[in-house]
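So this one's work_25.csv, CSV, C-alpha atoms and all ligand atoms:
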chain,number,residue,atom,x,y,z
A,112,MET,CA,0.0,0.0,0.0
A,113,MET,CA,1.3,3.4,-0.9
A,114,LEU,CA,1.8,5.7,2.1
A,115,LEU,CA,0.7,9.3,2.0
A,116,THR,CA,3.3,11.6,3.5
A,117,PRO,CA,2.6,15.2,4.4
A,118,ASP,CA,6.0,16.5,3.3
A,119,LYS,CA,9.3,15.4,1.7
A,120,GLU,CA,11.2,15.3,5.0
A,121,GLU,CA,9.1,12.4,6.3
A,122,GLU,CA,10.0,10.3,3.3
A,123,SER,CA,13.5,9.8,4.7
A,124,PHE,CA,12.2,8.0,7.8
A,125,GLU,CA,11.2,4.3,7.8
A,126,VAL,CA,7.6,4.5,8.9
A,127,LYS,CA,6.5,1.4,10.9
A,128,GLU,CA,2.9,0.3,10.5
A,129,TYR,CA,0.5,-1.0,13.1
A,130,ASP,CA,-3.3,-1.4,13.5
A,131,VAL,CA,-3.4,0.5,16.7
A,132,GLY,CA,-1.3,3.3,18.1
A,133,ILE,CA,-1.7,4.0,21.9
A,134,ILE,CA,-0.2,7.1,23.4
A,135,GLY,CA,0.6,6.6,27.1
A,136,LEU,CA,2.5,4.1,29.2
A,137,GLY,CA,0.2,4.6,32.3
A,138,PRO,CA,-2.4,2.1,33.4
A,139,ALA,CA,-4.9,3.2,30.7
A,140,GLY,CA,-2.4,2.9,27.8
A,141,LEU,CA,-1.1,-0.5,29.0
A,142,THR,CA,-4.6,-1.9,29.6
A,143,SER,CA,-5.7,-0.8,26.1
A,144,ALA,CA,-2.6,-2.5,24.8
A,145,ILE,CA,-3.4,-5.8,26.6
A,146,TYR,CA,-7.0,-5.8,25.2
A,147,THR,CA,-6.2,-4.8,21.7
A,148,SER,CA,-3.2,-7.0,21.2
A,149,ARG,CA,-5.1,-10.0,22.8
A,150,ALA,CA,-7.8,-9.3,20.2
A,151,GLY,CA,-5.2,-10.1,17.5
A,152,LEU,CA,-4.4,-6.5,16.4
A,153,SER,CA,-0.9,-5.2,15.9
A,154,VAL,CA,-0.2,-2.6,18.6
A,155,VAL,CA,2.4,0.0,19.4
A,156,VAL,CA,2.3,1.8,22.8
A,157,ILE,CA,4.3,4.9,23.0
A,158,GLY,CA,5.0,6.9,26.2
A,159,ARG,CA,7.6,9.1,27.8
A,160,ASP,CA,7.1,8.3,31.5
A,161,TYR,CA,7.0,4.6,32.2
A,162,GLY,CA,4.0,3.9,34.4
A,163,GLY,CA,2.7,7.4,34.1
A,164,GLN,CA,1.4,8.8,37.4
A,165,MET,CA,0.9,5.2,38.6
A,166,GLY,CA,4.7,4.8,38.4
A,167,LEU,CA,5.0,7.5,41.0
A,168,ALA,CA,2.9,5.8,43.6
A,169,LEU,CA,5.2,4.2,46.2
A,170,GLU,CA,2.5,1.8,47.4
A,171,ILE,CA,-1.0,1.1,46.0
A,172,GLU,CA,-3.4,-0.5,48.4
A,173,ASN,CA,-6.6,-0.1,46.5
A,174,TYR,CA,-6.1,-2.0,43.3
A,175,PRO,CA,-8.2,-5.1,43.5
A,176,GLY,CA,-6.3,-8.4,43.8
A,177,PHE,CA,-3.2,-6.7,45.4
A,178,GLU,CA,-3.2,-5.8,49.0
A,179,ASN,CA,-0.1,-3.8,48.5
A,180,ILE,CA,1.9,-3.3,45.4
A,181,SER,CA,4.2,-0.5,44.2
A,182,GLY,CA,3.2,1.5,41.2
A,183,MET,CA,6.3,0.4,39.4
A,184,GLU,CA,5.7,-3.3,40.0
A,185,LEU,CA,2.1,-2.9,38.8
A,186,THR,CA,3.4,-1.1,35.7
A,187,ASP,CA,5.9,-4.0,35.1
A,188,ARG,CA,3.1,-6.5,35.4
A,189,MET,CA,0.8,-4.7,33.0
A,190,LYS,CA,3.7,-4.1,30.5
A,191,ASN,CA,4.7,-7.8,30.6
A,192,GLN,CA,1.1,-8.8,30.0
A,193,ALA,CA,0.8,-6.5,27.0
A,194,GLU,CA,4.1,-7.7,25.5
A,195,LYS,CA,3.0,-11.3,26.0
A,196,PHE,CA,0.2,-10.7,23.6
A,197,GLY,CA,2.6,-9.0,21.1
A,198,ALA,CA,2.3,-5.3,21.9
A,199,LYS,CA,5.3,-3.2,21.0
A,200,ILE,CA,6.4,-0.8,23.8
A,201,VAL,CA,8.3,2.3,22.7
A,202,PHE,CA,9.8,4.9,25.1
A,203,ALA,CA,9.5,8.1,23.3
A,204,GLU,CA,8.0,11.6,23.3
A,205,VAL,CA,5.2,12.0,20.8
A,206,ASP,CA,5.7,15.4,19.2
A,207,ASP,CA,2.8,15.4,16.7
A,208,ILE,CA,0.0,13.3,15.2
A,209,TYR,CA,-1.3,13.9,11.7
A,210,ARG,CA,-4.5,12.5,10.2
A,211,LYS,CA,-3.8,11.2,6.7
A,212,GLU,CA,-6.2,11.4,3.7
A,213,ASP,CA,-6.8,7.7,4.0
A,214,LYS,CA,-8.0,8.2,7.6
A,215,ARG,CA,-4.9,6.6,9.1
A,216,PHE,CA,-2.7,8.5,11.6
A,217,LEU,CA,1.0,9.3,11.4
A,218,ILE,CA,2.5,9.5,14.9
A,219,LYS,CA,5.8,11.5,15.0
A,220,THR,CA,8.1,10.8,17.9
A,221,ASP,CA,11.7,11.5,18.8
A,222,MET,CA,12.4,7.8,18.1
A,223,GLY,CA,10.7,7.5,14.7
A,224,GLU,CA,7.4,7.5,13.0
A,225,TYR,CA,4.4,5.1,13.2
A,226,LEU,CA,1.5,4.8,10.9
A,227,VAL,CA,-1.7,3.4,12.5
A,228,LYS,CA,-5.3,2.8,11.6
A,229,ALA,CA,-6.7,3.8,15.0
A,230,LEU,CA,-5.5,5.8,17.9
A,231,ILE,CA,-6.1,5.5,21.6
A,232,LEU,CA,-5.1,8.6,23.6
A,233,ALA,CA,-4.3,7.7,27.2
A,234,THR,CA,-2.1,10.7,27.9
A,235,GLY,CA,-3.3,11.2,31.5
A,236,GLY,CA,-2.3,14.2,33.5
A,237,ARG,CA,0.5,15.8,35.5
A,238,HIS,CA,0.1,17.3,38.8
A,239,ARG,CA,0.9,21.0,39.1
A,240,GLU,CA,4.2,21.3,40.8
A,241,LEU,CA,5.4,23.6,43.5
A,242,ASN,CA,8.6,24.3,41.6
A,243,VAL,CA,10.7,24.7,44.7
A,244,PRO,CA,14.1,23.2,45.6
A,245,GLY,CA,13.9,19.7,47.1
A,246,GLU,CA,10.5,18.9,45.5
A,247,LYS,CA,11.8,16.5,42.8
A,248,GLU,CA,14.4,15.0,45.0
A,249,PHE,CA,11.8,13.8,47.6
A,250,ILE,CA,9.0,12.6,45.3
A,251,GLY,CA,7.8,9.3,46.8
A,252,ARG,CA,9.9,10.0,49.9
A,253,GLY,CA,7.6,12.5,51.6
A,254,VAL,CA,6.5,14.6,48.6
A,255,SER,CA,3.2,13.5,47.3
A,256,TYR,CA,0.6,14.9,44.9
A,257,CYS,CA,-2.3,12.6,46.0
A,258,ALA,CA,-3.4,12.8,49.6
A,259,THR,CA,-6.3,10.4,49.2
A,260,CYS,CA,-3.8,7.8,47.7
A,261,ASP,CA,-1.0,8.2,50.2
A,262,ALA,CA,-2.7,9.5,53.4
A,263,SER,CA,-2.5,6.1,55.1
A,264,PHE,CA,1.3,6.1,55.0
A,265,PHE,CA,1.3,9.2,57.2
A,266,LYS,CA,-0.5,7.8,60.3
A,267,GLU,CA,0.9,9.5,63.4
A,268,LYS,CA,3.2,11.7,61.2
A,269,THR,CA,3.3,15.5,60.8
A,270,VAL,CA,2.4,16.7,57.3
A,271,VAL,CA,1.9,19.9,55.3
A,272,VAL,CA,-0.9,20.1,52.8
A,273,VAL,CA,-0.6,22.9,50.2
A,274,GLY,CA,-3.6,24.2,48.3
A,275,SER,CA,-6.9,25.8,48.9
A,276,GLY,CA,-9.3,24.0,46.7
A,277,ASP,CA,-11.5,20.9,47.2
A,278,ALA,CA,-8.7,18.5,46.5
A,279,ALA,CA,-6.5,20.1,49.2
A,280,ALA,CA,-9.5,20.1,51.6
A,281,THR,CA,-10.5,16.5,51.1
A,282,GLY,CA,-6.9,15.5,51.2
A,283,THR,CA,-6.5,17.3,54.6
A,284,LEU,CA,-9.6,15.6,56.0
A,285,ALA,CA,-8.4,12.2,54.6
A,286,LEU,CA,-5.1,12.7,56.5
A,287,SER,CA,-7.0,13.6,59.6
A,288,ASP,CA,-9.2,10.5,59.2
A,289,VAL,CA,-6.2,8.1,59.0
A,290,GLY,CA,-4.8,9.6,62.2
A,291,ALA,CA,-2.0,11.9,61.0
A,292,LYS,CA,-0.5,13.4,64.2
A,293,LYS,CA,-0.6,17.0,62.9
A,294,ILE,CA,-1.7,18.5,59.6
A,295,TYR,CA,-0.8,22.0,58.6
A,296,TRP,CA,-3.1,23.0,55.8
A,297,VAL,CA,-1.6,26.0,54.1
A,298,SER,CA,-2.9,28.5,51.6
A,299,ARG,CA,-0.8,31.1,49.8
A,300,SER,CA,-3.7,33.6,50.1
A,301,ASP,CA,-5.8,34.8,53.0
A,302,TYR,CA,-8.7,32.4,52.2
A,303,MET,CA,-9.5,28.9,51.1
A,304,LYS,CA,-11.3,28.3,47.7
A,305,CYS,CA,-12.8,25.0,48.8
A,306,GLU,CA,-16.5,24.4,49.8
A,307,LYS,CA,-17.3,26.0,53.1
A,308,ILE,CA,-18.4,22.7,54.6
A,309,TYR,CA,-14.9,21.4,54.3
A,310,LEU,CA,-13.6,24.3,56.3
A,311,GLU,CA,-16.2,23.7,59.0
A,312,ARG,CA,-15.2,20.1,59.2
A,313,ALA,CA,-11.5,20.9,59.4
A,314,ALA,CA,-12.2,23.4,62.2
A,315,GLN,CA,-13.6,20.6,64.3
A,316,ARG,CA,-10.5,18.4,64.0
A,317,ASP,CA,-7.9,18.7,66.7
A,318,ASN,CA,-5.1,17.5,64.4
A,319,ILE,CA,-5.7,20.2,61.7
A,320,GLU,CA,-4.2,23.7,61.8
A,321,ILE,CA,-5.0,26.1,59.0
A,322,LEU,CA,-2.3,28.6,58.0
A,323,TYR,CA,-2.9,31.5,55.6
A,324,LYS,CA,-0.5,33.5,53.5
A,325,LYS,CA,2.1,30.8,53.5
A,326,GLN,CA,4.1,30.0,50.4
A,327,VAL,CA,6.5,27.1,50.3
A,328,SER,CA,10.0,28.1,49.2
A,329,GLU,CA,12.0,24.9,49.9
A,330,ILE,CA,11.7,21.3,51.0
A,331,LYS,CA,14.5,20.0,53.1
A,332,GLY,CA,15.6,16.6,54.4
A,333,THR,CA,18.2,13.8,54.2
A,334,ASN,CA,16.6,10.5,53.0
A,335,THR,CA,13.1,11.7,53.4
A,336,VAL,CA,11.3,15.1,54.0
A,337,GLU,CA,12.1,16.7,57.3
A,338,GLU,CA,11.4,20.4,57.1
A,339,ILE,CA,9.3,22.8,55.0
A,340,VAL,CA,10.6,26.4,54.5
A,341,PHE,CA,8.2,29.2,53.7
A,342,ASN,CA,9.1,32.4,51.9
A,343,ASP,CA,8.3,34.5,55.0
A,344,GLY,CA,11.4,32.8,56.5
A,345,THR,CA,9.4,30.5,58.9
A,346,THR,CA,9.8,26.7,58.9
A,347,LEU,CA,7.8,23.7,59.9
A,348,LYS,CA,9.2,20.3,60.9
A,349,ALA,CA,7.2,17.7,58.8
A,350,ASP,CA,7.5,14.1,57.6
A,351,GLY,CA,5.6,14.9,54.4
A,352,ILE,CA,4.1,17.5,52.1
A,353,PHE,CA,1.1,17.1,49.8
A,354,ALA,CA,1.0,19.5,46.9
A,355,GLU,CA,-2.7,19.6,46.0
A,356,ILE,CA,-2.6,22.6,43.8
A,357,GLY,CA,-4.3,21.3,40.7
A,358,ASN,CA,-3.9,18.8,37.9
A,359,ILE,CA,-3.0,19.6,34.3
A,360,PRO,CA,-4.5,17.2,31.7
A,361,ASN,CA,-2.1,16.2,28.9
A,362,THR,CA,-4.4,17.3,26.1
A,363,GLU,CA,-1.8,19.1,23.9
A,364,LEU,CA,-1.6,16.4,21.3
A,365,ALA,CA,-5.3,15.9,21.2
A,366,VAL,CA,-5.9,19.6,20.7
A,367,LYS,CA,-3.4,19.7,17.8
A,368,LEU,CA,-5.2,16.8,16.2
A,369,GLY,CA,-8.5,18.6,16.4
A,370,VAL,CA,-10.0,16.5,19.2
A,371,GLU,CA,-12.8,18.3,21.1
A,372,LEU,CA,-12.4,19.0,24.8
A,373,GLU,CA,-14.9,19.4,27.6
A,374,ASP,CA,-13.8,21.2,30.8
A,375,ASN,CA,-10.2,20.9,29.5
A,376,LEU,CA,-10.5,17.1,29.2
A,377,ILE,CA,-10.9,15.0,26.1
A,378,LYS,CA,-14.6,14.7,25.4
A,379,ILE,CA,-15.6,11.1,24.9
A,380,ASP,CA,-18.9,9.3,24.6
A,381,ASP,CA,-20.0,6.1,26.4
A,382,GLU,CA,-17.9,4.0,24.0
A,383,CYS,CA,-14.8,6.2,24.6
A,384,ARG,CA,-15.0,7.7,21.0
A,385,THR,CA,-13.8,11.2,20.4
A,386,ASN,CA,-15.3,13.6,17.8
A,387,ILE,CA,-12.7,12.2,15.3
A,388,GLU,CA,-13.4,8.9,13.6
A,389,GLY,CA,-10.8,6.3,14.6
A,390,VAL,CA,-9.6,8.3,17.7
A,391,PHE,CA,-10.5,6.9,21.1
A,392,ALA,CA,-9.4,8.1,24.6
A,393,ALA,CA,-9.2,6.5,28.0
A,394,GLY,CA,-8.1,7.3,31.6
A,395,ASP,CA,-7.5,10.4,33.6
A,396,VAL,CA,-7.4,12.6,30.5
A,397,THR,CA,-11.0,12.0,29.6
A,398,SER,CA,-14.2,13.9,30.4
A,399,LYS,CA,-15.6,10.7,32.0
A,400,ILE,CA,-13.5,11.3,35.1
A,401,LYS,CA,-14.3,14.8,36.1
A,402,ASN,CA,-14.1,14.4,39.9
A,403,PRO,CA,-10.3,14.6,40.7
A,404,LEU,CA,-10.9,12.0,43.5
A,405,SER,CA,-12.1,9.5,40.9
A,406,ARG,CA,-8.8,9.7,39.0
A,407,GLN,CA,-7.6,6.3,40.0
A,408,VAL,CA,-6.0,3.2,38.5
A,409,THR,CA,-9.2,1.3,38.6
A,410,THR,CA,-11.2,3.9,36.7
A,411,SER,CA,-8.4,4.3,34.2
A,412,VAL,CA,-8.2,0.6,33.4
A,413,GLY,CA,-12.0,0.4,33.2
A,414,LEU,CA,-12.2,3.1,30.6
A,415,ALA,CA,-9.2,1.6,28.7
A,416,THR,CA,-11.1,-1.6,28.4
A,417,ILE,CA,-14.0,0.2,26.8
A,418,ALA,CA,-11.7,2.2,24.5
A,419,ALA,CA,-9.9,-1.0,23.4
A,420,ILE,CA,-13.1,-2.9,22.6
A,421,SER,CA,-14.5,0.1,20.7
A,422,THR,CA,-11.2,0.3,18.8
A,423,ALA,CA,-11.4,-3.3,17.8
A,424,ASP,CA,-15.0,-2.9,16.7
A,425,TYR,CA,-14.1,0.2,14.7
A,426,LEU,CA,-11.2,-1.6,12.9
A,427,GLN,CA,-13.3,-4.7,12.2
A,428,ALA,CA,-16.1,-2.6,10.7
A,429,ARG,CA,-13.9,-0.3,8.7
A,430,TYR,CA,-11.2,-2.6,7.5
A,431,THR,CA,-12.8,-6.1,7.5
A,432,ILE,CA,-16.3,-5.4,6.4
A,433,GLN,CA,-15.7,-2.3,4.1
A,434,GLU,CA,-12.6,-3.5,2.3
A,501,LIG,C1,1.9,9.9,43.7
A,501,LIG,C2,0.7,9.3,43.2
A,501,LIG,C3,0.1,8.3,43.9
A,501,LIG,C4,-1.1,7.7,43.4
A,501,LIG,N1,-1.6,6.6,44.1
A,501,LIG,C5,-2.7,6.0,43.7
A,501,LIG,C6,-3.2,4.9,44.4
A,501,LIG,O1,-2.7,4.5,45.4
A,501,LIG,N2,-4.3,4.2,43.8
A,501,LIG,C7,-4.9,4.7,42.6
A,501,LIG,O2,-5.8,4.0,42.2
A,501,LIG,N3,-4.4,5.7,42.0
A,501,LIG,C8,-3.3,6.4,42.5
A,501,LIG,N4,-2.9,7.5,41.8
A,501,LIG,C9,-3.6,8.0,40.6
A,501,LIG,C10,-3.3,7.1,39.4
A,501,LIG,O3,-1.9,6.9,39.3
A,501,LIG,C11,-3.8,7.7,38.1
A,501,LIG,O4,-5.2,7.8,38.2
A,501,LIG,C12,-3.5,6.9,36.9
A,501,LIG,O5,-2.1,6.7,36.7
A,501,LIG,C13,-4.0,7.5,35.6
A,501,LIG,O6,-3.7,6.6,34.5
A,501,LIG,P1,-3.6,7.1,33.0
A,501,LIG,O7,-3.1,5.9,32.3
A,501,LIG,O8,-4.9,7.6,32.6
A,501,LIG,O9,-2.6,8.3,32.9
A,501,LIG,P2,-1.1,8.5,33.5
A,501,LIG,O10,-0.8,7.5,34.5
A,501,LIG,O11,-1.0,9.9,33.7
A,501,LIG,O12,-0.3,8.1,32.2
A,501,LIG,C14,-0.2,9.0,31.1
A,501,LIG,C15,0.9,8.5,30.1
A,501,LIG,O13,0.9,9.3,28.9
A,501,LIG,C16,2.2,9.7,28.6
A,501,LIG,N5,2.2,10.9,27.7
A,501,LIG,C17,1.5,12.0,27.9
A,501,LIG,N6,1.8,12.9,26.8
A,501,LIG,C18,2.7,12.3,26.1
A,501,LIG,C19,3.5,12.6,24.9
A,501,LIG,N7,3.3,13.8,24.3
A,501,LIG,N8,4.4,11.7,24.5
A,501,LIG,C20,4.6,10.6,25.1
A,501,LIG,N9,3.9,10.2,26.2
A,501,LIG,C21,3.0,11.0,26.7
A,501,LIG,C22,2.9,9.9,30.0
A,501,LIG,O14,4.3,9.9,29.8
A,501,LIG,C23,2.3,8.7,30.7
A,501,LIG,O15,3.1,7.5,30.3
A,501,LIG,C24,-1.7,8.1,42.2
A,501,LIG,C25,-1.1,9.2,41.5
A,501,LIG,C26,0.0,9.8,42.0
A,501,LIG,C27,0.6,10.9,41.2
Could you take the file, read its structure, and then write that structure out as structure tokens?
Ligand SMILES: Cc1cc2nc3c(=O)[nH]c(=O)nc-3n(C[C@H](O)[C@H](O)[C@H](O)COP(=O)(O)OP(=O)(O)OC[C@H]3O[C@@H](n4cnc5c(N)ncnc54)[C@H](O)[C@@H]3O)c2cc1C
Amino acid sequence: MMLLTPDKEEESFEVKEYDVGIIGLGPAGLTSAIYTSRAGLSVVVIGRDYGGQMGLALEIENYPGFENISGMELTDRMKNQAEKFGAKIVFAEVDDIYRKEDKRFLIKTDMGEYLVKALILATGGRHRELNVPGEKEFIGRGVSYCATCDASFFKEKTVVVVGSGDAAATGTLALSDVGAKKIYWVSRSDYMKCEKIYLERAAQRDNIEILYKKQVSEIKGTNTVEEIVFNDGTTLKADGIFAEIGNIPNTELAVKLGVELEDNLIKIDDECRTNIEGVFAAGDVTSKIKNPLSRQVTTSVGLATIAAISTADYLQARYTIQE
């Protein structure tokens, strides 16, 4: 079959062809890979961060079937399962995706190009970072971006929660529920943006202290977090810090491709179809998971299952029945 290339420069690359191209090496991408490759389709899964956000979770205690498993081990298991069925895993940054005249998609990465008949976008999200010294160094060793996920590891510990929205509020209350010794809930302004009821609940807890006009300037420690420094020069001794200052969905590729968004998330229907024929989406990046607290491994793999089955149906209808 002759390939349609958008410009001459692309002709110099060897383009590899697959039935399905999946963007994302998190649980949604890897689950989509398991289902589509098991259905007998040729599949390439491309991602830059192995495991996605799941890979950052030190311990996962709420994935059914595993009482306790690290995010990395769960990633390895999902990846091995996908490879067992023949999926090709590629570690690369996807720079662009073009829709060809024949309705296939050309995926351009820093490691080469891939031509696929259907796409599953499982690009997840990234937590907004504090961007302070010490933050990256202590991720998973006291720095967390998910209080509801990691609260139980801070029983009888002192922690700082940063942020003023509902995620920070519910995270603070979750930490209080699991029995953290002391929770300093800090806002950079002189108010909290969260629902009033959360503030009322927090005020009733002995282990929560709310601090306003506090901005973190540094996280200090040796092996794990030990001290939080604020830009007014004050410090707090703490075993952990939760940055609950928002999540940024990775929708840049989808937007470039012309995929419609809803509330800054990829808009999908009940079958995980986007507005573009042949493009499906799954996981945290989709409009099906609007509540930040529902952004979990279980919900991501559930949507990935639907996306994979819809993709197989689409390919069967378009390439088996029509051709
Ligand atoms: C610290 C932490 C702890 C957590 N703990 C738990 C827990 O205990 N239990 C639980 O259920 N959930 C937990 N979560 C949430 C869970 O990890 C997410 O809900 C889940 O990972 C979302 O899966 P996803 O596949 O949709 O997206 P992600 O995991 O975000 O994966 C997205 C993938 O897309 C890739 N990608 C995006 N754009 C590009 C591009 N342009 N080129 C190449 N690759 C790209 C990323 O590199 C990544 O591989 C935790 C999250 C964090 C951060």
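Among the candidates A:Tyr430, A:Trp296, A:Phe177, A:Tyr256, the residue lying nearest to ligand LIG 501 (chain A) is A:Tyr256 (atoms considered: all atoms listed in the file).
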Seminar exercise, completed: From atom CA of A:Ser263 to atom CA of A:Asp288 the spacing works out at 9.0 Å
For this session: Using all atoms listed in the file, find each protein or nucleic acid residue lying at most 6 Å from ligand LIG 501 (chain A); present the set as a PyMOL selection string.
Result: chain A and resi 134-140+158-165+167-168+171-173+203-206+233-236+255-257+260+361+394-396+406-409+411
For this session: Pick out the closest residue to A:Arg210 from this set: A:Thr431, A:Leu426, A:Lys367, A:Val271. Count all atoms listed in the file.
Result: A:Lys367
Residues within 7 Å of A:Ser328, all atoms listed in the file, excluding chain neighbours under 6 positions, as a PDB file with C-alpha atoms, in the frame of the given file:
ATOM      1  CA  VAL A 243      10.700  24.700  44.700  1.00  0.00           C
ATOM      2  CA  VAL A 340      10.600  26.400  54.500  1.00  0.00           C
ATOM      3  CA  PHE A 341       8.200  29.200  53.700  1.00  0.00           C
ATOM      4  CA  ASN A 342       9.100  32.400  51.900  1.00  0.00           C
TER       5      ASN A 342
END
For this session: Choose the residue, out of A:Gly369, A:Ala229, A:Ala418, A:Met222, that has the smallest atom-to-atom separation from A:Tyr146; count all atoms listed in the file.
Result: A:Ala418
Exercise. So which residues fall inside 12 Å of (-0.1, 11.0, 46.4) if we count all atoms listed in the file? Mind giving them as a PyMOL selection string?
Worked result: chain A and resi 164-171+182+237-238+250-265+272+278-279+282+285-286+351-355+404+406-407
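Proximity ranking of A:Gln192, A:Thr346, A:Ser405, A:Ser398 relative to A:Ile145 places A:Gln192 first, based on all atoms listed in the file.
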Expected answer as a compact mmCIF listing (two decimals) with C-alpha atoms, keeping the file's coordinate frame: all residues with atoms within 12 Å of (15.0, 18.5, 44.7), all atoms listed in the file:
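Result written to out_35.txt:
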# COMPACT_ATOMS: atom_id res chain seq x y z
CA GLU A 240 4.20 21.30 40.80
CA LEU A 241 5.40 23.60 43.50
CA ASN A 242 8.60 24.30 41.60
CA VAL A 243 10.70 24.70 44.70
CA PRO A 244 14.10 23.20 45.60
CA GLY A 245 13.90 19.70 47.10
CA GLU A 246 10.50 18.90 45.50
CA LYS A 247 11.80 16.50 42.80
CA GLU A 248 14.40 15.00 45.00
CA PHE A 249 11.80 13.80 47.60
CA ILE A 250 9.00 12.60 45.30
CA GLY A 251 7.80 9.30 46.80
CA ARG A 252 9.90 10.00 49.90
CA GLY A 253 7.60 12.50 51.60
CA VAL A 254 6.50 14.60 48.60
CA SER A 328 10.00 28.10 49.20
CA GLU A 329 12.00 24.90 49.90
CA ILE A 330 11.70 21.30 51.00
CA LYS A 331 14.50 20.00 53.10
CA GLY A 332 15.60 16.60 54.40
CA THR A 333 18.20 13.80 54.20
CA ASN A 334 16.60 10.50 53.00
CA THR A 335 13.10 11.70 53.40
CA VAL A 336 11.30 15.10 54.00
Exercise. Of the residues A:Val289, A:Ile400, A:Ala392, A:Leu141, which is the one nearest to A:Asp187, using all atoms listed in the file?
Worked result: A:Leu141
For this session: Could you please determine the separation between atom CA of A:Val156 and atom CA of A:Arg384 in Å, to one decimal place?
Result: 18.4 Å
Exercise. Which of these residues is nearest to A:Lys401, using only C-alpha atoms: A:Val273, A:Leu368, A:Leu376, A:Val201?
Worked result: A:Leu376
Seminar exercise, completed: Computed gap from atom CA of A:Leu372 to atom CA of A:Phe391 is 12.8 Å
Exercise. Leaving out stretch 304-315 of chain A and any residue of its chain fewer than 2 positions from it, which residues lie within 12 Å of it when counting only C-alpha atoms, given as a ChimeraX atom specification?
Worked result: /A:274-288,294-302,317-323,355-356
For this session: May I have the residues within 12 Å of A:Ser148 as an MDAnalysis selection string, using all atoms listed in the file and disregarding those fewer than 4 positions away in the same chain?
Result: chainID A and resid 129:133 140:144 152:156 190 192:200 416 419:420 422:423
